[in-house]
>>> print(open('entry37.txt').read())   # compact mmCIF, C-alpha atoms (C1' of nucleotides)
# COMPACT_ATOMS: atom_id res chain seq x y z
CA MET A 114 -55.86 15.11 -59.16
CA GLN A 115 -57.70 15.30 -55.87
CA ASP A 116 -60.10 18.18 -55.58
CA ASP A 117 -61.83 20.87 -57.62
CA LEU A 118 -59.57 23.66 -56.48
CA SER A 119 -56.50 21.76 -57.62
CA TRP A 120 -58.04 21.18 -61.03
CA THR A 121 -58.87 24.85 -61.32
CA PHE A 122 -55.42 26.08 -60.38
CA ALA A 123 -53.77 23.45 -62.55
CA ALA A 124 -55.86 24.60 -65.50
CA LEU A 125 -54.78 28.19 -64.88
CA ALA A 126 -51.11 27.23 -64.67
CA ASP A 127 -50.57 27.47 -68.40
CA PRO A 128 -50.32 30.67 -70.46
CA THR A 129 -52.03 29.13 -73.47
CA ARG A 130 -55.02 28.16 -71.38
CA ARG A 131 -55.17 31.56 -69.73
CA ALA A 132 -55.06 33.14 -73.17
CA ILE A 133 -57.96 30.94 -74.24
CA LEU A 134 -59.97 32.09 -71.25
CA ALA A 135 -59.09 35.67 -72.08
CA ARG A 136 -60.31 35.13 -75.61
CA LEU A 137 -63.60 33.76 -74.34
CA ARG A 138 -64.10 36.82 -72.17
CA SER A 139 -65.15 38.63 -75.32
CA GLY A 140 -67.69 36.00 -76.19
CA GLU A 141 -68.34 32.53 -77.53
CA ALA A 142 -65.90 31.08 -80.07
CA THR A 143 -65.42 27.87 -82.01
CA VAL A 144 -62.39 25.65 -81.60
CA THR A 145 -60.73 26.84 -84.81
CA GLN A 146 -61.41 30.45 -83.90
CA ILE A 147 -59.82 29.87 -80.53
CA ALA A 148 -56.93 28.00 -82.07
CA GLU A 149 -56.19 30.56 -84.77
CA PRO A 150 -53.78 32.74 -82.77
CA PHE A 151 -51.80 29.71 -81.65
CA LEU A 152 -51.41 27.81 -84.89
CA GLY A 153 -47.82 27.99 -86.00
CA ARG A 154 -46.89 27.64 -82.39
CA MET A 155 -49.14 24.70 -81.81
CA THR A 156 -51.30 22.28 -83.75
CA LEU A 157 -55.06 21.97 -83.55
CA PRO A 158 -55.02 18.78 -81.49
CA GLY A 159 -52.82 20.61 -79.05
CA VAL A 160 -55.44 23.29 -78.62
CA THR A 161 -58.13 20.64 -78.32
CA LYS A 162 -56.18 19.14 -75.45
CA HIS A 163 -55.93 22.46 -73.68
CA LEU A 164 -59.63 22.99 -74.17
CA LYS A 165 -60.31 19.62 -72.65
CA VAL A 166 -58.31 20.56 -69.58
CA LEU A 167 -60.32 23.75 -69.25
CA GLU A 168 -63.51 21.80 -69.81
CA THR A 169 -62.59 19.23 -67.18
CA ALA A 170 -61.89 22.05 -64.76
CA GLY A 171 -65.34 23.38 -65.57
CA LEU A 172 -63.97 26.68 -66.82
CA VAL A 173 -65.18 26.20 -70.38
CA THR A 174 -68.40 24.75 -71.72
CA LYS A 175 -68.49 23.27 -75.18
CA GLY A 176 -71.75 23.30 -77.12
CA ARG A 177 -72.52 21.78 -80.47
CA GLU A 178 -73.92 23.44 -83.54
CA ALA A 179 -73.64 21.35 -86.69
CA GLN A 180 -69.92 20.71 -87.08
CA TRP A 181 -68.93 23.55 -84.78
CA ARG A 182 -68.30 23.44 -81.04
CA PRO A 183 -69.01 26.89 -79.68
CA CYS A 184 -67.06 27.32 -76.47
CA THR A 185 -68.14 29.63 -73.69
CA LEU A 186 -66.46 30.86 -70.55
CA ASN A 187 -67.79 29.44 -67.31
CA PRO A 188 -66.44 31.46 -64.38
CA GLU A 189 -67.96 29.42 -61.58
CA PRO A 190 -64.74 27.61 -60.62
CA LEU A 191 -62.98 30.96 -60.46
CA LYS A 192 -65.26 31.89 -57.59
CA ASP A 193 -63.88 29.11 -55.47
CA ALA A 194 -60.35 30.09 -56.40
CA ALA A 195 -61.12 33.70 -55.54
CA ALA A 196 -62.68 32.61 -52.28
CA TRP A 197 -59.56 30.66 -51.44
CA MET A 198 -57.42 33.69 -52.17
CA GLU A 199 -59.66 35.88 -50.07
CA GLU A 200 -58.24 34.13 -47.01
CA TYR A 201 -54.87 35.62 -47.87
CA ARG A 202 -56.11 39.11 -48.55
CA VAL A 203 -54.98 40.38 -45.18
CA HIS A 204 -51.51 38.98 -45.78
CA MET A 205 -51.32 40.58 -49.20
CA GLU A 206 -52.45 43.89 -47.80
CA ALA A 207 -49.97 43.65 -44.99
CA SER A 208 -47.09 43.19 -47.36
CA LEU A 209 -46.01 46.71 -48.18
CA ASP A 210 -48.93 48.09 -50.14
CA ARG A 211 -52.64 47.37 -50.13
CA LEU A 212 -54.07 44.93 -52.59
CA GLY A 213 -56.77 47.36 -53.63
CA GLU A 214 -54.24 49.96 -54.63
CA TYR A 215 -52.19 47.32 -56.34
CA LEU A 216 -55.14 46.07 -58.28
CA LYS A 217 -56.03 49.61 -59.25
CA THR A 218 -52.63 50.14 -60.78
CA VAL A 219 -52.88 46.87 -62.60
CA THR A 220 -56.44 47.28 -63.77
CA THR A 221 -55.90 50.80 -65.03
CA THR A 222 -52.69 49.99 -66.90
CA PRO A 223 -52.71 50.10 -70.68
CA THR A 224 -54.98 47.13 -71.37
CA THR A 225 -53.80 48.05 -74.81
CA THR A 226 -54.22 46.69 -78.27
CA THR A 227 -53.23 43.13 -77.35
CA PRO A 228 -51.23 42.70 -80.55
CA GLU A 229 -49.83 39.32 -79.65
CA PRO A 230 -51.93 36.49 -78.29
CA THR A 231 -49.32 35.90 -75.64
CA ASP A 232 -51.28 35.65 -72.47
CA ASP A 233 -53.59 37.43 -70.13
CA MET B 376 -42.46 26.65 -66.96
CA GLN B 377 -42.81 29.96 -68.71
CA ASP B 378 -43.87 32.82 -66.54
CA ASP B 379 -44.38 33.79 -62.91
CA LEU B 380 -48.13 33.46 -62.99
CA SER B 381 -47.88 29.90 -64.24
CA TRP B 382 -45.46 29.02 -61.45
CA THR B 383 -47.79 30.54 -58.91
CA PHE B 384 -50.89 28.73 -60.10
CA ALA B 385 -48.96 25.49 -60.48
CA ALA B 386 -47.76 25.80 -56.90
CA LEU B 387 -51.33 26.30 -55.74
CA ALA B 388 -52.58 23.29 -57.69
CA ASP B 389 -51.79 20.87 -54.89
CA PRO B 390 -53.71 20.42 -51.65
CA THR B 391 -50.60 19.64 -49.63
CA ARG B 392 -48.97 22.86 -50.74
CA ARG B 393 -52.11 24.86 -50.05
CA ALA B 394 -52.23 23.30 -46.61
CA ILE B 395 -48.63 24.33 -46.04
CA LEU B 396 -49.49 27.90 -46.98
CA ALA B 397 -52.47 27.76 -44.64
CA ARG B 398 -50.20 26.59 -41.86
CA LEU B 399 -47.84 29.48 -42.47
CA ARG B 400 -50.69 31.95 -42.25
CA SER B 401 -50.50 31.52 -38.48
CA GLY B 402 -46.81 32.28 -38.43
CA GLU B 403 -43.33 31.04 -39.12
CA ALA B 404 -42.59 27.31 -38.84
CA THR B 405 -39.68 24.95 -39.33
CA VAL B 406 -39.69 22.18 -41.91
CA THR B 407 -40.40 19.44 -39.38
CA GLN B 408 -43.17 21.50 -37.84
CA ILE B 409 -44.69 21.97 -41.25
CA ALA B 410 -44.24 18.32 -42.12
CA GLU B 411 -45.70 16.99 -38.89
CA PRO B 412 -49.36 16.84 -40.00
CA PHE B 413 -48.41 15.04 -43.21
CA LEU B 414 -46.04 12.39 -41.96
CA GLY B 415 -47.73 9.03 -42.24
CA ARG B 416 -49.14 10.23 -45.51
CA MET B 417 -45.83 11.49 -46.80
CA THR B 418 -42.15 11.41 -45.90
CA LEU B 419 -40.02 14.38 -44.93
CA PRO B 420 -38.20 14.58 -48.28
CA GLY B 421 -41.60 14.73 -49.89
CA VAL B 422 -42.51 17.78 -47.84
CA THR B 423 -39.13 19.31 -48.60
CA LYS B 424 -39.92 18.97 -52.28
CA HIS B 425 -43.26 20.68 -51.89
CA LEU B 426 -41.58 23.45 -49.95
CA LYS B 427 -39.09 23.88 -52.76
CA VAL B 428 -41.93 24.29 -55.23
CA LEU B 429 -43.48 26.95 -53.01
CA GLU B 430 -40.09 28.59 -52.59
CA THR B 431 -39.47 28.61 -56.33
CA ALA B 432 -42.84 30.20 -56.84
CA GLY B 433 -41.81 32.82 -54.31
CA LEU B 434 -44.67 31.97 -51.99
CA VAL B 435 -42.47 30.80 -49.15
CA THR B 436 -39.20 32.18 -47.85
CA LYS B 437 -36.81 29.89 -46.02
CA GLY B 438 -34.48 31.38 -43.45
CA ARG B 439 -31.74 29.67 -41.47
CA GLU B 440 -31.28 29.50 -37.76
CA ALA B 441 -28.74 26.94 -36.65
CA GLN B 442 -30.04 23.64 -37.99
CA TRP B 443 -33.54 24.94 -38.48
CA ARG B 444 -35.05 26.52 -41.58
CA PRO B 445 -37.84 28.80 -40.42
CA CYS B 446 -40.28 29.20 -43.29
CA THR B 447 -42.46 32.24 -43.73
CA LEU B 448 -45.38 33.02 -45.99
CA ASN B 449 -44.67 35.46 -48.79
CA PRO B 450 -47.95 36.60 -50.30
CA GLU B 451 -46.51 38.78 -53.08
CA PRO B 452 -47.11 36.29 -55.90
CA LEU B 453 -50.70 35.94 -54.75
CA LYS B 454 -51.21 39.58 -55.63
CA ASP B 455 -50.47 38.91 -59.25
CA ALA B 456 -52.76 35.92 -59.18
CA ALA B 457 -55.49 38.01 -57.57
CA ALA B 458 -54.91 40.74 -60.12
CA TRP B 459 -55.29 38.21 -62.91
CA MET B 460 -58.55 37.00 -61.39
CA GLU B 461 -59.79 40.54 -61.02
CA GLU B 462 -60.22 40.65 -64.79
CA TYR B 463 -62.86 37.96 -64.44
CA ARG B 464 -64.70 39.53 -61.56
CA VAL B 465 -67.43 40.90 -63.79
CA HIS B 466 -67.96 37.46 -65.28
CA MET B 467 -68.14 35.87 -61.87
CA GLU B 468 -70.58 38.49 -60.72
CA ALA B 469 -72.67 38.04 -63.82
CA SER B 470 -73.06 34.35 -63.22
CA LEU B 471 -76.06 34.07 -60.95
CA ASP B 472 -74.91 35.70 -57.71
CA ARG B 473 -72.39 38.37 -56.88
CA LEU B 474 -68.89 37.41 -55.92
CA GLY B 475 -69.01 39.60 -52.86
CA GLU B 476 -72.01 37.78 -51.50
CA TYR B 477 -70.47 34.50 -52.37
CA LEU B 478 -67.26 35.39 -50.63
CA LYS B 479 -69.22 36.53 -47.61
CA THR B 480 -70.91 33.15 -47.29
CA VAL B 481 -67.57 31.43 -47.65
CA THR B 482 -65.67 33.70 -45.33
CA THR B 483 -68.28 33.56 -42.62
CA THR B 484 -68.62 29.79 -42.66
CA PRO B 485 -67.39 27.78 -39.70
CA THR B 486 -63.63 28.36 -40.04
CA THR B 487 -63.78 25.79 -37.30
CA THR B 488 -61.33 23.77 -35.37
CA THR B 489 -59.44 22.44 -38.41
CA PRO B 490 -59.11 19.00 -36.85
CA GLU B 491 -57.57 17.38 -39.90
CA PRO B 492 -54.71 18.92 -41.83
CA THR B 493 -56.52 18.13 -45.03
CA ASP B 494 -56.38 21.35 -46.95
CA ASP B 495 -57.39 24.96 -46.95
C1' DC C 901 -72.09 9.85 -103.79
C1' DA C 902 -67.88 12.72 -103.31
C1' DT C 903 -65.65 16.24 -101.15
C1' DA C 904 -64.68 19.94 -98.03
C1' DT C 905 -64.76 21.68 -93.33
C1' DA C 906 -64.63 21.13 -88.11
C1' DG C 907 -63.04 18.69 -84.62
C1' DT C 908 -61.65 14.50 -82.01
C1' DT C 909 -59.10 10.22 -81.13
C1' DT C 910 -55.20 7.27 -81.15
C1' DA C 911 -50.51 6.33 -80.58
C1' DC C 912 -46.37 7.95 -79.61
C1' DC C 913 -42.54 10.78 -77.48
C1' DG C 914 -39.56 13.48 -74.10
C1' DG C 915 -39.53 15.66 -69.98
C1' DA C 916 -41.20 17.08 -65.60
C1' DA C 917 -43.93 15.98 -61.09
C1' DG C 918 -44.41 13.56 -57.11
C1' DG C 919 -43.35 9.92 -54.37
C1' DC C 920 -40.00 6.69 -51.99
C1' DT C 921 -35.47 4.99 -49.58
C1' DA C 922 -30.91 5.67 -48.45
C1' DA C 923 -27.12 8.54 -47.95
C1' DT C 924 -25.26 13.11 -46.84
C1' DT C 925 -24.61 17.70 -44.94
C1' DA C 926 -24.94 20.90 -41.15
C1' DA C 927 -25.31 22.43 -36.62
C1' DC C 928 -25.64 21.62 -31.81
C1' DC C 929 -24.39 19.09 -27.46
C1' DA C 930 -22.00 16.08 -24.21
C1' DT D 1425 -14.65 13.19 -30.43
C1' DG D 1426 -18.90 11.06 -31.04
C1' DG D 1427 -23.87 11.32 -31.08
C1' DT D 1428 -28.31 13.57 -32.06
C1' DT D 1429 -31.41 16.41 -34.46
C1' DA D 1430 -32.70 19.03 -38.76
C1' DA D 1431 -32.93 19.10 -43.32
C1' DT D 1432 -31.30 18.30 -48.02
C1' DT D 1433 -29.45 15.54 -51.85
C1' DA D 1434 -29.13 11.57 -54.79
C1' DG D 1435 -30.98 7.91 -57.22
C1' DC D 1436 -34.84 5.51 -58.70
C1' DC D 1437 -39.57 4.72 -60.15
C1' DT D 1438 -44.11 5.71 -61.99
C1' DT D 1439 -47.43 8.76 -63.63
C1' DC D 1440 -48.88 12.88 -65.84
C1' DC D 1441 -48.23 16.79 -69.20
C1' DG D 1442 -47.60 19.07 -73.52
C1' DG D 1443 -46.76 18.31 -77.89
C1' DT D 1444 -46.81 15.87 -82.47
C1' DA D 1445 -48.60 13.19 -86.78
C1' DA D 1446 -51.88 10.41 -88.66
C1' DA D 1447 -56.27 8.55 -88.81
C1' DC D 1448 -60.97 8.99 -87.86
C1' DT D 1449 -65.91 10.99 -87.10
C1' DA D 1450 -69.34 14.09 -88.21
C1' DT D 1451 -71.80 17.51 -90.68
C1' DA D 1452 -72.73 20.22 -94.75
C1' DT D 1453 -72.97 20.75 -99.61
C1' DG D 1454 -72.29 20.20 -104.71
>>> encode(input="entry37.txt", output="structure tokens")
Amino acid sequence: MQDDLSWTFAALADPTRRAILARLRSGEATVTQIAEPFLGRMTLPGVTKHLKVLETAGLVTKGREAQWRPCTLNPEPLKDAAAWMEEYRVHMEASLDRLGEYLKTVTTTPTTTTPEPTDD
Amino acid sequence: MQDDLSWTFAALADPTRRAILARLRSGEATVTQIAEPFLGRMTLPGVTKHLKVLETAGLVTKGREAQWRPCTLNPEPLKDAAAWMEEYRVHMEASLDRLGEYLKTVTTTPTTTTPEPTDD
DNA sequence: CATATAGTTTACCGGAAGGCTAATTAACCA
DNA sequence: TGGTTAATTAGCCTTCCGGTAAACTATATG
């Protein structure tokens, strides 16, 4: 691709992959556990591919335990992405409302039952 | 693609496009002005394409003034991206050092002369 | 050993991304 | 009118992406 940041953003540019990351926020999970919400929409190899993208981007670490591959979230690359965005904070704040307020409204919204594994 | 967030991240997943956004941080610019640092590496139609991606993602707004198309940065979509990242702040903070400190080290680094139009 | 479970690899497909050159549109200027 | 500058469009090519089905590897267990 070219650089780490591009890999990171590219990995994030897919709702399935973002949903996988969201799943891993609540702890380690095996491939089949991760895949479960998506099967019917997608096959297991499909999920494996997405996981590989996330792994390549360094966002997910895959361990091995017998026949299972426990996956864990690795947020390091997100720091660089966040740092990149930080440069634009002033622009975001300047545009109409402040980012902090905006984030507050977003962060305090429902965060409800997450019935569908759509995205995060 | 699917959703706004995906378009945003996809648009950011390219160093040329990030460099274009960085250029626009210092104010409005025409297409040829934007393209100037990249010519030799890329043709004008190539830059136009990248601009269209940014425009589609809503990150850049193209005006018209005679034969020129003054482009401006539109940070709105970045807010959603930042809001998405916010959910992972605690994870980033948990991993070794705090994001705030990390961002401080990044933000206070050189920010030098930007001799090459590599990226941002 | 045989079989079940967990996951990956291979091979294939359609479509989109990113690049180019050449041609075209649009506006200004002389 | 004709020429110049600014930018886009069109057509083509190659590579990558997201998905599949089928075959394979690896580990556990009866």
>>> residues_around(input="entry37.txt", residues="range 181-195 of chain A", least_positions_apart="4", cutoff="8 Å", atoms="all atoms listed in the file", output="NGL selection string")
(:A and (117-118 or 121-122 or 134 or 137-138 or 140-144 or 170-177 or 199)) or (:B and (457 or 460 or 463 or 466-467 or 470 or 474 or 477)) or (:C and (906-907))
>>> closest_atom_pairs(input="entry37.txt", of="chain A", to="chain D", cutoff="12 Å", atoms="all atoms listed in the file", output="Markdown table")
| residue | atom | partner | partner_atom | distance |
| --- | --- | --- | --- | --- |
| A:Met114 | CA | D:DC1440 | C1' | 9.9 |
| A:Ala123 | CA | D:DC1441 | C1' | 10.9 |
| A:Ala124 | CA | D:DC1441 | C1' | 11.5 |
| A:Ala126 | CA | D:DC1441 | C1' | 11.7 |
| A:Asp127 | CA | D:DG1442 | C1' | 10.3 |
| A:Thr129 | CA | D:DG1442 | C1' | 11.0 |
| A:Arg130 | CA | D:DG1442 | C1' | 11.9 |
| A:Arg154 | CA | D:DG1443 | C1' | 10.4 |
| A:Met155 | CA | D:DG1443 | C1' | 7.9 |
| A:Thr156 | CA | D:DT1444 | C1' | 7.9 |
| A:Leu157 | CA | D:DT1444 | C1' | 10.3 |
| A:Pro158 | CA | D:DT1444 | C1' | 8.8 |
| A:Gly159 | CA | D:DG1443 | C1' | 6.6 |
| A:Val160 | CA | D:DG1443 | C1' | 10.0 |
| A:Thr161 | CA | D:DG1443 | C1' | 11.6 |
| A:Lys162 | CA | D:DG1442 | C1' | 8.8 |
| A:His163 | CA | D:DG1442 | C1' | 9.0 |
| A:Val166 | CA | D:DC1441 | C1' | 10.8 |
| A:Arg177 | CA | D:DT1451 | C1' | 11.1 |
| A:Glu178 | CA | D:DT1451 | C1' | 9.5 |
| A:Ala179 | CA | D:DT1451 | C1' | 5.8 |
| A:Gln180 | CA | D:DT1451 | C1' | 5.2 |
| A:Trp181 | CA | D:DT1451 | C1' | 8.9 |
| A:Arg182 | CA | D:DA1450 | C1' | 11.8 |
>>> interface_residues(input="entry37.txt", of="chain C", to="chain B", cutoff="7 Å", atoms="all atoms listed in the file", output="mmCIF file with C-alpha atoms (C1' of nucleotides), in the frame of the given file")
data_model
loop_
_atom_site.group_PDB
_atom_site.id
_atom_site.type_symbol
_atom_site.label_atom_id
_atom_site.label_comp_id
_atom_site.auth_asym_id
_atom_site.auth_seq_id
_atom_site.Cartn_x
_atom_site.Cartn_y
_atom_site.Cartn_z
ATOM 1 C "C1'" DG C 919 -43.350 9.920 -54.370
ATOM 2 C "C1'" DA C 926 -24.940 20.900 -41.150
ATOM 3 C "C1'" DA C 927 -25.310 22.430 -36.620
#
>>> atom_distance(input="entry37.txt", atom1="CA of Ile395 in chain B", atom2="C1' of DT924 in chain C")
25.9 Å
>>> atom_distance(input="entry37.txt", atom1="CA of Ala458 in chain B", atom2="CA of Lys427 in chain B")
24.3 Å
>>> atom_distance(input="entry37.txt", atom1="CA of Leu429 in chain B", atom2="C1' of DA922 in chain C")
25.1 Å
>>> closest_residue(input="entry37.txt", among="B:Pro390, B:Arg398, B:Glu430, B:Glu411", to="chain A", atoms="only C-alpha atoms")
B:Pro390
>>> closest_residue(input="entry37.txt", among="B:Thr431, B:Trp459, B:Ile409, B:Leu426", to="chain A", atoms="all atoms listed in the file")
B:Trp459
